[in-house]
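> My structure is in final_10.txt, and what it holds is compact mmCIF, C-alpha atoms:
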# COMPACT_ATOMS: atom_id res chain seq x y z
CA MET A 1 0.00 0.00 0.00
CA GLU A 2 2.90 2.35 0.77
CA HIS A 3 4.31 1.65 -2.70
CA ILE A 4 0.94 2.37 -4.33
CA LEU A 5 0.56 5.65 -2.48
CA LEU A 6 4.12 6.85 -3.16
CA TYR A 7 4.47 5.73 -6.77
CA ALA A 8 0.91 5.91 -8.14
CA ILE A 9 -1.26 8.28 -6.09
CA VAL A 10 1.11 10.98 -4.80
CA PRO A 11 2.67 11.76 -8.23
CA ILE A 12 -0.79 12.21 -9.74
CA VAL A 13 -1.86 14.54 -6.94
CA VAL A 14 1.37 16.56 -7.17
CA ILE A 15 1.25 17.00 -10.96
CA MET A 16 -2.48 17.75 -10.92
CA LEU A 17 -1.90 20.31 -8.16
CA ALA A 18 0.85 21.90 -10.28
CA GLY A 19 -1.60 22.22 -13.17
CA PHE A 20 -4.24 23.62 -10.83
CA ILE A 21 -1.85 26.26 -9.46
CA ALA A 22 -0.65 27.13 -12.97
CA GLY A 23 -4.25 27.64 -14.01
CA LYS A 24 -5.10 29.77 -10.99
CA LYS A 25 -2.02 31.96 -11.56
CA GLY A 26 -3.02 32.53 -15.17
CA ALA A 27 -0.10 30.70 -16.79
CA PHE A 28 -2.62 28.48 -18.60
CA ASP A 29 -6.38 28.57 -19.10
CA GLY A 30 -9.18 26.29 -20.25
CA ALA A 31 -8.27 26.78 -23.92
CA ASP A 32 -4.71 25.63 -23.21
CA SER A 33 -6.07 22.59 -21.41
CA LYS A 34 -8.04 21.59 -24.51
CA LYS A 35 -4.87 21.83 -26.60
CA PHE A 36 -2.99 19.63 -24.12
CA ASN A 37 -5.88 17.15 -24.19
CA LYS A 38 -5.67 17.03 -27.99
CA VAL A 39 -1.94 16.23 -27.83
CA VAL A 40 -2.68 13.41 -25.39
CA LEU A 41 -5.67 11.91 -27.22
CA ASP A 42 -4.37 12.31 -30.78
CA PHE A 43 -0.64 11.67 -30.35
CA ALA A 44 0.80 10.60 -27.00
CA LEU A 45 -1.80 8.03 -25.94
CA PRO A 46 -2.15 6.36 -29.37
CA ALA A 47 1.65 6.06 -29.55
CA ALA A 48 1.80 4.53 -26.06
CA LEU A 49 -0.95 2.03 -26.85
CA PHE A 50 0.40 1.05 -30.26
CA VAL A 51 4.03 0.47 -29.34
CA SER A 52 3.10 -1.45 -26.20
CA ILE A 53 0.63 -3.79 -27.88
CA VAL A 54 2.73 -4.63 -30.97
CA GLN A 55 5.39 -6.00 -28.64
CA SER A 56 2.97 -8.63 -27.29
CA THR A 57 2.16 -12.02 -28.84
CA ARG A 58 -0.87 -13.86 -30.24
CA GLU A 59 -0.87 -16.11 -27.20
CA MET A 60 -1.21 -13.09 -24.91
CA LEU A 61 -4.17 -11.78 -26.92
CA TYR A 62 -5.96 -15.13 -26.89
CA HIS A 63 -5.24 -15.44 -23.17
CA ASP A 64 -6.88 -12.03 -22.63
CA LEU A 65 -10.17 -12.89 -24.39
CA LYS A 66 -12.01 -12.98 -21.04
CA LEU A 67 -10.50 -9.60 -20.22
CA SER A 68 -12.03 -8.14 -23.38
CA LEU A 69 -15.48 -9.62 -22.78
CA VAL A 70 -15.63 -8.69 -19.09
CA SER A 71 -14.44 -5.15 -19.90
CA LEU A 72 -17.07 -4.70 -22.60
CA VAL A 73 -19.99 -6.10 -20.59
CA GLY A 74 -18.95 -4.62 -17.24
CA ILE A 75 -18.29 -1.07 -18.44
CA MET A 76 -21.25 -0.81 -20.81
CA VAL A 77 -23.75 -2.21 -18.27
CA CYS A 78 -22.58 0.42 -15.78
CA PHE A 79 -22.61 3.06 -18.53
CA MET A 80 -26.27 2.41 -19.34
CA LEU A 81 -27.13 2.13 -15.63
CA VAL A 82 -25.78 5.65 -15.04
CA TYR A 83 -27.76 6.92 -18.04
CA TYR A 84 -31.09 5.50 -16.87
CA VAL A 85 -30.57 6.50 -13.22
CA PHE A 86 -29.78 10.12 -14.11
CA ARG A 87 -32.58 10.17 -16.68
CA MET A 88 -35.03 9.73 -13.77
CA PHE A 89 -34.11 13.16 -12.33
CA LYS A 90 -36.84 15.58 -13.42
CA SER A 91 -34.33 18.39 -13.87
CA ASN A 92 -32.25 16.34 -16.33
CA THR A 93 -32.80 16.02 -20.06
CA GLY A 94 -31.73 13.00 -22.07
CA ALA A 95 -28.64 14.96 -23.09
CA ASP A 96 -27.77 15.57 -19.42
CA ALA A 97 -28.14 11.86 -18.67
CA ALA A 98 -25.96 10.99 -21.68
CA VAL A 99 -23.20 13.30 -20.45
CA SER A 100 -23.53 11.75 -16.98
CA ALA A 101 -22.97 8.32 -18.55
CA LEU A 102 -19.99 9.60 -20.54
CA ILE A 103 -18.49 10.92 -17.30
CA SER A 104 -19.54 8.70 -14.39
CA GLY A 105 -20.06 5.61 -16.57
CA SER A 106 -16.57 5.66 -18.08
CA PRO A 107 -13.11 5.46 -16.45
CA THR A 108 -10.49 7.97 -17.55
CA ILE A 109 -8.29 5.18 -18.88
CA GLY A 110 -6.73 7.29 -21.60
CA PHE A 111 -5.48 10.00 -19.28
CA LEU A 112 -4.58 8.09 -16.12
CA GLY A 113 -4.37 4.44 -17.22
CA PHE A 114 -0.62 4.20 -17.66
CA ALA A 115 0.04 6.77 -14.90
CA VAL A 116 -1.70 4.55 -12.32
CA LEU A 117 -1.24 0.98 -13.55
CA GLU A 118 2.46 1.04 -14.49
CA PRO A 119 3.75 2.16 -11.06
CA ILE A 120 1.65 -0.59 -9.43
CA PHE A 121 1.96 -3.49 -11.89
CA GLY A 122 5.09 -2.58 -13.84
CA THR A 123 5.80 -1.50 -17.42
CA THR A 124 4.66 -4.65 -19.23
CA PRO A 125 2.63 -5.55 -22.34
CA ALA A 126 -0.06 -6.90 -19.99
CA VAL A 127 -0.62 -3.41 -18.57
CA ALA A 128 -0.74 -1.96 -22.07
CA LEU A 129 -3.35 -4.53 -23.13
CA VAL A 130 -5.60 -3.64 -20.19
CA VAL A 131 -5.29 0.07 -21.01
CA ALA A 132 -5.90 -0.63 -24.70
CA ILE A 133 -8.91 -2.91 -24.22
CA VAL A 134 -10.62 -0.60 -21.72
CA GLY A 135 -9.69 2.34 -23.94
CA ILE A 136 -11.31 0.70 -26.97
CA VAL A 137 -14.49 0.01 -24.97
CA VAL A 138 -14.65 3.60 -23.68
CA ASN A 139 -13.70 5.35 -26.93
CA ALA A 140 -15.02 3.05 -29.65
CA VAL A 141 -18.20 1.89 -27.88
CA GLY A 142 -19.08 4.16 -24.96
CA ILE A 143 -18.50 7.53 -26.66
CA PRO A 144 -20.52 6.66 -29.82
CA VAL A 145 -23.38 5.33 -27.67
CA GLY A 146 -23.29 8.44 -25.48
CA LEU A 147 -23.20 10.78 -28.47
CA SER A 148 -26.09 8.93 -30.10
CA LEU A 149 -28.20 9.28 -26.95
CA MET A 150 -27.23 12.95 -26.66
CA ASN A 151 -28.00 13.75 -30.29
CA ALA A 152 -31.36 11.99 -30.06
CA SER A 153 -32.29 14.09 -27.02
CA LEU A 154 -31.10 17.35 -28.58
CA GLU A 155 -33.09 16.64 -31.74
CA LYS A 156 -36.25 16.18 -29.67
CA GLN A 157 -35.58 19.55 -28.06
CA ASN A 158 -35.07 21.08 -31.53
CA VAL A 159 -31.63 22.23 -30.47
CA THR A 160 -29.89 20.71 -33.44
CA THR A 161 -30.67 21.68 -37.02
CA GLY A 162 -29.93 20.31 -40.45
CA LYS A 163 -29.92 16.78 -41.80
CA LYS A 164 -30.45 14.01 -39.27
CA GLU A 165 -27.22 12.12 -38.60
CA SER A 166 -27.07 8.39 -39.18
CA ALA A 167 -27.00 6.17 -36.08
CA TRP A 168 -23.61 4.93 -37.30
CA GLY A 169 -22.25 8.47 -37.57
CA PRO A 170 -20.88 8.71 -34.01
CA VAL A 171 -19.40 5.20 -34.30
CA ILE A 172 -17.56 6.02 -37.51
CA LYS A 173 -16.45 9.37 -36.08
CA ALA A 174 -15.08 7.69 -32.94
CA LEU A 175 -13.23 5.01 -34.93
CA LYS A 176 -11.52 7.73 -36.96
CA GLN A 177 -9.84 9.02 -33.80
CA PRO A 178 -6.22 7.82 -33.34
CA VAL A 179 -6.98 6.74 -29.76
CA ALA A 180 -9.49 4.22 -31.19
CA TRP A 181 -7.86 2.95 -34.39
CA ALA A 182 -4.24 2.85 -33.12
CA PRO A 183 -4.81 0.02 -30.59
CA ILE A 184 -7.07 -1.82 -33.07
CA LEU A 185 -4.32 -1.61 -35.72
CA ALA A 186 -1.78 -2.88 -33.18
CA VAL A 187 -3.99 -5.86 -32.28
CA VAL A 188 -4.42 -6.73 -35.98
CA TRP A 189 -0.64 -6.39 -36.43
CA VAL A 190 -0.02 -8.95 -33.67
CA LEU A 191 -2.72 -11.35 -34.92
CA VAL A 192 -1.30 -11.30 -38.43
CA GLY A 193 2.09 -12.16 -36.98
CA ILE A 194 4.17 -9.35 -38.46
CA PRO A 195 7.46 -8.97 -36.52
CA TRP A 196 7.78 -5.51 -34.98
CA PRO A 197 11.16 -3.82 -35.74
CA LYS A 198 12.53 -2.93 -32.31
CA GLU A 199 14.48 -0.06 -33.88
CA LEU A 200 11.21 1.82 -34.35
CA SER A 201 10.16 1.62 -30.70
CA PRO A 202 12.28 4.53 -29.36
CA SER A 203 10.53 6.97 -31.72
CA PHE A 204 7.13 5.92 -30.37
CA ASP A 205 8.38 5.75 -26.78
CA LEU A 206 9.52 9.38 -26.80
CA MET A 207 6.03 10.57 -27.72
CA ALA A 208 4.37 8.04 -25.39
CA LYS A 209 6.28 9.36 -22.37
CA ALA A 210 4.37 12.64 -22.61
CA ASN A 211 1.05 10.84 -22.13
CA ALA A 212 0.62 10.49 -18.37
CA SER A 213 2.30 13.70 -17.18
CA MET A 214 0.63 15.97 -19.74
CA ALA A 215 -2.80 14.38 -19.17
CA VAL A 216 -2.66 14.83 -15.39
CA PHE A 217 -1.26 18.37 -15.65
CA SER A 218 -4.05 19.26 -18.10
CA ALA A 219 -6.64 17.87 -15.69
CA GLY A 220 -5.36 20.24 -13.03
CA ILE A 221 -5.74 23.20 -15.40
CA THR A 222 -9.30 22.13 -16.21
CA LEU A 223 -10.21 21.91 -12.54
CA SER A 224 -8.82 25.41 -11.94
CA SER A 225 -11.10 26.91 -14.59
CA ILE A 226 -14.46 25.79 -13.20
CA LYS A 227 -16.44 26.37 -10.03
CA VAL A 228 -16.95 23.18 -8.06
CA SER A 229 -20.29 22.67 -6.30
CA ILE A 230 -21.33 19.50 -4.49
CA ASN A 231 -24.94 18.30 -4.77
CA TRP A 232 -26.77 14.97 -4.70
CA GLN A 233 -26.16 14.30 -8.38
CA VAL A 234 -22.43 14.89 -7.94
CA ILE A 235 -22.33 12.52 -4.96
CA LEU A 236 -24.42 9.88 -6.74
CA GLY A 237 -22.20 10.08 -9.83
CA SER A 238 -19.10 9.55 -7.71
CA ILE A 239 -20.67 6.58 -5.91
CA MET A 240 -21.65 4.91 -9.18
CA LYS A 241 -18.19 5.48 -10.65
CA MET A 242 -15.95 4.69 -7.67
CA ILE A 243 -17.98 1.93 -6.01
CA ILE A 244 -20.60 0.34 -8.26
CA MET A 245 -18.51 0.01 -11.44
CA PRO A 246 -15.40 -1.65 -9.93
CA ALA A 247 -17.62 -3.83 -7.70
CA PHE A 248 -19.66 -5.06 -10.68
CA VAL A 249 -16.55 -5.72 -12.78
CA LEU A 250 -14.94 -7.59 -9.87
CA LEU A 251 -18.01 -9.79 -9.47
CA LEU A 252 -18.20 -10.42 -13.22
CA GLY A 253 -14.50 -11.27 -13.38
CA LEU A 254 -14.79 -13.73 -10.49
CA LEU A 255 -17.77 -15.45 -12.12
CA CYS A 256 -15.81 -15.76 -15.38
CA HIS A 257 -12.69 -17.03 -13.56
CA MET A 258 -10.47 -14.34 -15.03
CA ASP A 259 -6.71 -14.40 -14.68
CA PRO A 260 -6.03 -12.92 -11.19
CA LEU A 261 -3.53 -10.30 -12.38
CA ASN A 262 -5.76 -9.19 -15.25
CA LEU A 263 -8.72 -8.98 -12.90
CA LYS A 264 -6.80 -6.86 -10.41
CA MET A 265 -5.63 -4.46 -13.16
CA LEU A 266 -9.13 -4.26 -14.62
CA VAL A 267 -10.72 -3.44 -11.25
CA VAL A 268 -8.18 -0.67 -10.66
CA ALA A 269 -8.79 0.62 -14.21
CA CYS A 270 -12.54 0.72 -13.59
CA ALA A 271 -11.99 2.49 -10.26
CA LEU A 272 -10.23 5.35 -12.02
CA PRO A 273 -11.95 8.77 -11.84
CA PRO A 274 -14.57 9.66 -14.48
CA ALA A 275 -13.50 10.08 -18.09
CA PHE A 276 -12.05 13.50 -18.91
CA SER A 277 -13.32 13.00 -22.47
CA GLY A 278 -16.84 13.28 -21.06
CA ILE A 279 -15.99 16.73 -19.70
CA ILE A 280 -14.58 17.73 -23.09
CA ILE A 281 -17.81 16.61 -24.81
CA ALA A 282 -19.94 18.34 -22.16
CA ASP A 283 -18.04 21.57 -22.73
CA GLU A 284 -18.35 21.24 -26.52
CA TYR A 285 -22.14 20.79 -26.32
CA ASP A 286 -22.51 23.16 -23.33
CA THR A 287 -24.44 20.46 -21.47
CA TYR A 288 -24.13 19.43 -17.81
CA VAL A 289 -20.68 21.05 -17.54
CA ALA A 290 -20.74 22.26 -13.90
CA THR A 291 -22.24 19.11 -12.37
CA GLY A 292 -20.10 16.80 -14.50
CA THR A 293 -16.87 18.58 -13.66
CA SER A 294 -17.77 18.71 -9.97
CA SER A 295 -18.35 14.95 -10.05
CA LEU A 296 -14.95 14.52 -11.67
CA THR A 297 -13.30 16.64 -8.98
CA LEU A 298 -14.90 14.71 -6.12
CA SER A 299 -14.00 11.37 -7.70
CA VAL A 300 -10.35 12.39 -8.14
CA ILE A 301 -10.19 13.13 -4.42
CA LEU A 302 -11.96 9.87 -3.51
CA PHE A 303 -9.64 7.86 -5.76
CA ILE A 304 -6.76 8.52 -3.36
CA GLY A 305 -8.47 6.23 -0.86
CA PHE A 306 -10.39 3.92 -3.18
CA CYS A 307 -7.40 2.81 -5.29
CA PRO A 308 -5.57 0.93 -2.50
CA LEU A 309 -8.93 -0.14 -1.03
CA TRP A 310 -10.03 -1.86 -4.27
CA ILE A 311 -6.65 -3.58 -4.63
CA TRP A 312 -7.03 -4.94 -1.09
CA ILE A 313 -10.64 -6.04 -1.70
CA THR A 314 -9.70 -7.69 -5.00
CA ASP A 315 -6.85 -9.60 -3.36
CA LEU A 316 -9.21 -10.88 -0.68
CA CYS A 317 -11.77 -12.00 -3.27
CA ILE A 318 -9.16 -13.67 -5.49
CA ASN A 319 -7.74 -15.61 -2.54
CA ALA A 320 -11.23 -16.66 -1.49
CA PHE A 321 -12.77 -17.60 -4.84
CA LEU A 322 -10.03 -18.19 -7.43
Go ahead and render the structure in this file as structure tokens.


Amino acid sequence: MEHILLYAIVPIVVIMLAGFIAGKKGAFDGADSKKFNKVVLDFALPAALFVSIVQSTREMLYHDLKLSLVSLVGIMVCFMLVYYVFRMFKSNTGADAAVSALISGSPTIGFLGFAVLEPIFGTTPAVALVVAIVGIVVNAVGIPVGLSLMNASLEKQNVTTGKKESAWGPVIKALKQPVAWAPILAVVWVLVGIPWPKELSPSFDLMAKANASMAVFSAGITLSSIKVSINWQVILGSIMKMIIMPAFVLLLGLLCHMDPLNLKMLVVACALPPAFSGIIIADEYDTYVATGTSSLTLSVILFIGFCPLWIWITDLCINAFL
């Protein structure tokens, strides 16, 4: 636990605090944060995912089939649960509920995945596969579903104009993003059996190293630019993200007899704070921004305690049932 706190939690808090202070002092603002996020999502994270996965083997991918299925079912069930729960609030529109699902129903695997998992479990292809698989579920499945639900609600409110977008539009748009197609390309590369030239790895590694630090620093800037207010929806969103999602994934993984190490990494990944991409989408559509960002802030604080707690709970369950 001391190792987890010193090497995984404390660095995140320190770097995020540095970004927060930089934002408050006016060195950076919300617009700068969006630019940093674009560097992470379009360059650093795809490079980190690609170069890590292509160094794995077919056997590792086949071995991780349960990981893929549990990730898909576990995350998307929780995603839709958040949507329907927040849809019941009279003050919320369908678009609000969709943003809630994009935030509290998705872990911020792209921004904090490597930053949290590598210090705990080591820099290995197994860690990269967990980050990639959860990232594919969040970015290639969750975001298109959330955008479809949001667009449907906005159309009913006559907020959007013009030609009605195809249901496949958000899916195709999401798959065009480097953070979605880069890990898919890497998986196909490994399945085909093409040897990866090790001489190319350093070029990808240099870009990949900017992923975790820039993402966390950017999160601090984002938090400095909004006013945080705690209400029942914020608290409920944090509970569903930090407690219900990892608990459901843990139960599902135990029932499917997942590999213990993969299960532990997946539970920690699902216990990560809400997806920053949800905040970006909320800001772009000007929907549910204050409540969503407040939920993110509270969850980041709670993660300091829940990360080691979920590792301890997962260890107990694995020893008891697997």

> At what distance in Å, to one decimal, does atom CA of A:Ile143 lie from atom CA of A:Ala31?

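So the answer is 22.0 Å.
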
> Taking into account all atoms listed in the file, which residue in the set A:Ala290, A:Ala97, A:Ile280, A:Ser229 is nearest to A:Val85?

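Of all the options, A:Ala97 lies closest to A:Val85.
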
> Just checking: using all atoms listed in the file, which residue out of A:Phe121, A:Phe217, A:Phe204, A:Phe248 ends up closest to A:Lys264?

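Among A:Phe121, A:Phe217, A:Phe204, A:Phe248, it is A:Phe121 that comes nearest to A:Lys264.
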
> Have a look at atom CA of A:Ser104 and atom CA of A:Lys24 and let me know their distance in Å, one decimal.

25.8 Å

> May I ask for the distance between atom CA of A:Ile15 and atom CA of A:Val216, given in Å to one decimal place?

6.3 Å

> With all atoms listed in the file as the basis for distance, which of A:Gly278, A:Gly142, A:Gly135, A:Pro119 is at the shortest distance from A:Trp181?

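Among the listed residues, A:Gly135 lies closest to A:Trp181.
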
> Choose the residue, out of A:Asp286, A:Leu6, A:Pro46, A:Gly26, that has the smallest atom-to-atom separation from A:Ala186; count only C-alpha atoms.

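Comparing A:Asp286, A:Leu6, A:Pro46, A:Gly26 against A:Ala186, the winner is A:Pro46.
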
> Between A:Pro195, A:Gly30, A:Pro273, A:Pro144, which is the closest to A:Thr57 once you count only C-alpha atoms?

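For A:Thr57, the nearest of the candidates is A:Pro195.
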
> For the point (-15.8, -11.3, -9.5) in file coordinates, what residues are within 10 Å, counting only C-alpha atoms? Give the answer as a list of chain:residue names?

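Every polymer residue passing the test: A:Val70, A:Pro246, A:Ala247, A:Phe248, A:Val249, A:Leu250, A:Leu251, A:Leu252, A:Gly253, A:Leu254, A:Leu255, A:Cys256, A:His257, A:Met258, A:Leu263, A:Val267, A:Thr314, A:Cys317, A:Ile318, A:Phe321, A:Leu322.
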
> Here is a test: counting all atoms listed in the file, which residue of A:Gly193, A:Gly74, A:Gly19, A:Pro11 is nearest to A:Met214?

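Smallest distance to A:Met214 is found for A:Gly19.
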
> Using all atoms listed in the file, what residues lie at most 10 Å away from (-30.6, 11.7, -25.7) (file coordinates), given as a list in words?

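Neighbouring residues, ordered by chain and number, come to Tyr83, Arg87, Thr93, Gly94, Ala95, Asp96, Ala97, Ala98, Val99, Val145, Gly146, Leu147, Ser148, Leu149, Met150, Asn151, Ala152, Ser153, Leu154, Glu155, Lys156 and Gln157 of chain A.
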
> Might you pull out every residue within 7 Å of A:Cys270, with all atoms listed in the file counted and same-chain residues fewer than 2 positions away left off, and present them as a PyMOL selection string?

chain A and resi 107+245-246+266-268+272

> With C-alpha atoms kept, could you save the residues just selected as a CSV table (one decimal), in the frame of the given file?


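Contents of part-v6.csv, as written:
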chain,number,residue,atom,x,y,z
A,107,PRO,CA,-13.1,5.5,-16.4
A,245,MET,CA,-18.5,0.0,-11.4
A,246,PRO,CA,-15.4,-1.6,-9.9
A,266,LEU,CA,-9.1,-4.3,-14.6
A,267,VAL,CA,-10.7,-3.4,-11.2
A,268,VAL,CA,-8.2,-0.7,-10.7
A,272,LEU,CA,-10.2,5.4,-12.0

> Residues within 12 Å of A:Thr124, please, as a list in words. Count all atoms listed in the file; anything in the same chain fewer than 5 positions from it doesn't count.

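My reading of the contact set: Ala48, Leu49, Val51, Ser52, Ile53, Val54, Gln55, Ser56, Met60, Phe114, Leu117, Glu118, Pro119, Leu129, Val130, Val131 and Met265 of chain A.
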
> Applying 7 Å and all atoms listed in the file, which residues near A:Ser106 remain after dropping the ones on its own chain fewer than 2 positions away? List them as an MDAnalysis selection string.

chainID A and resid 75 79 101:104 108 138 274:275
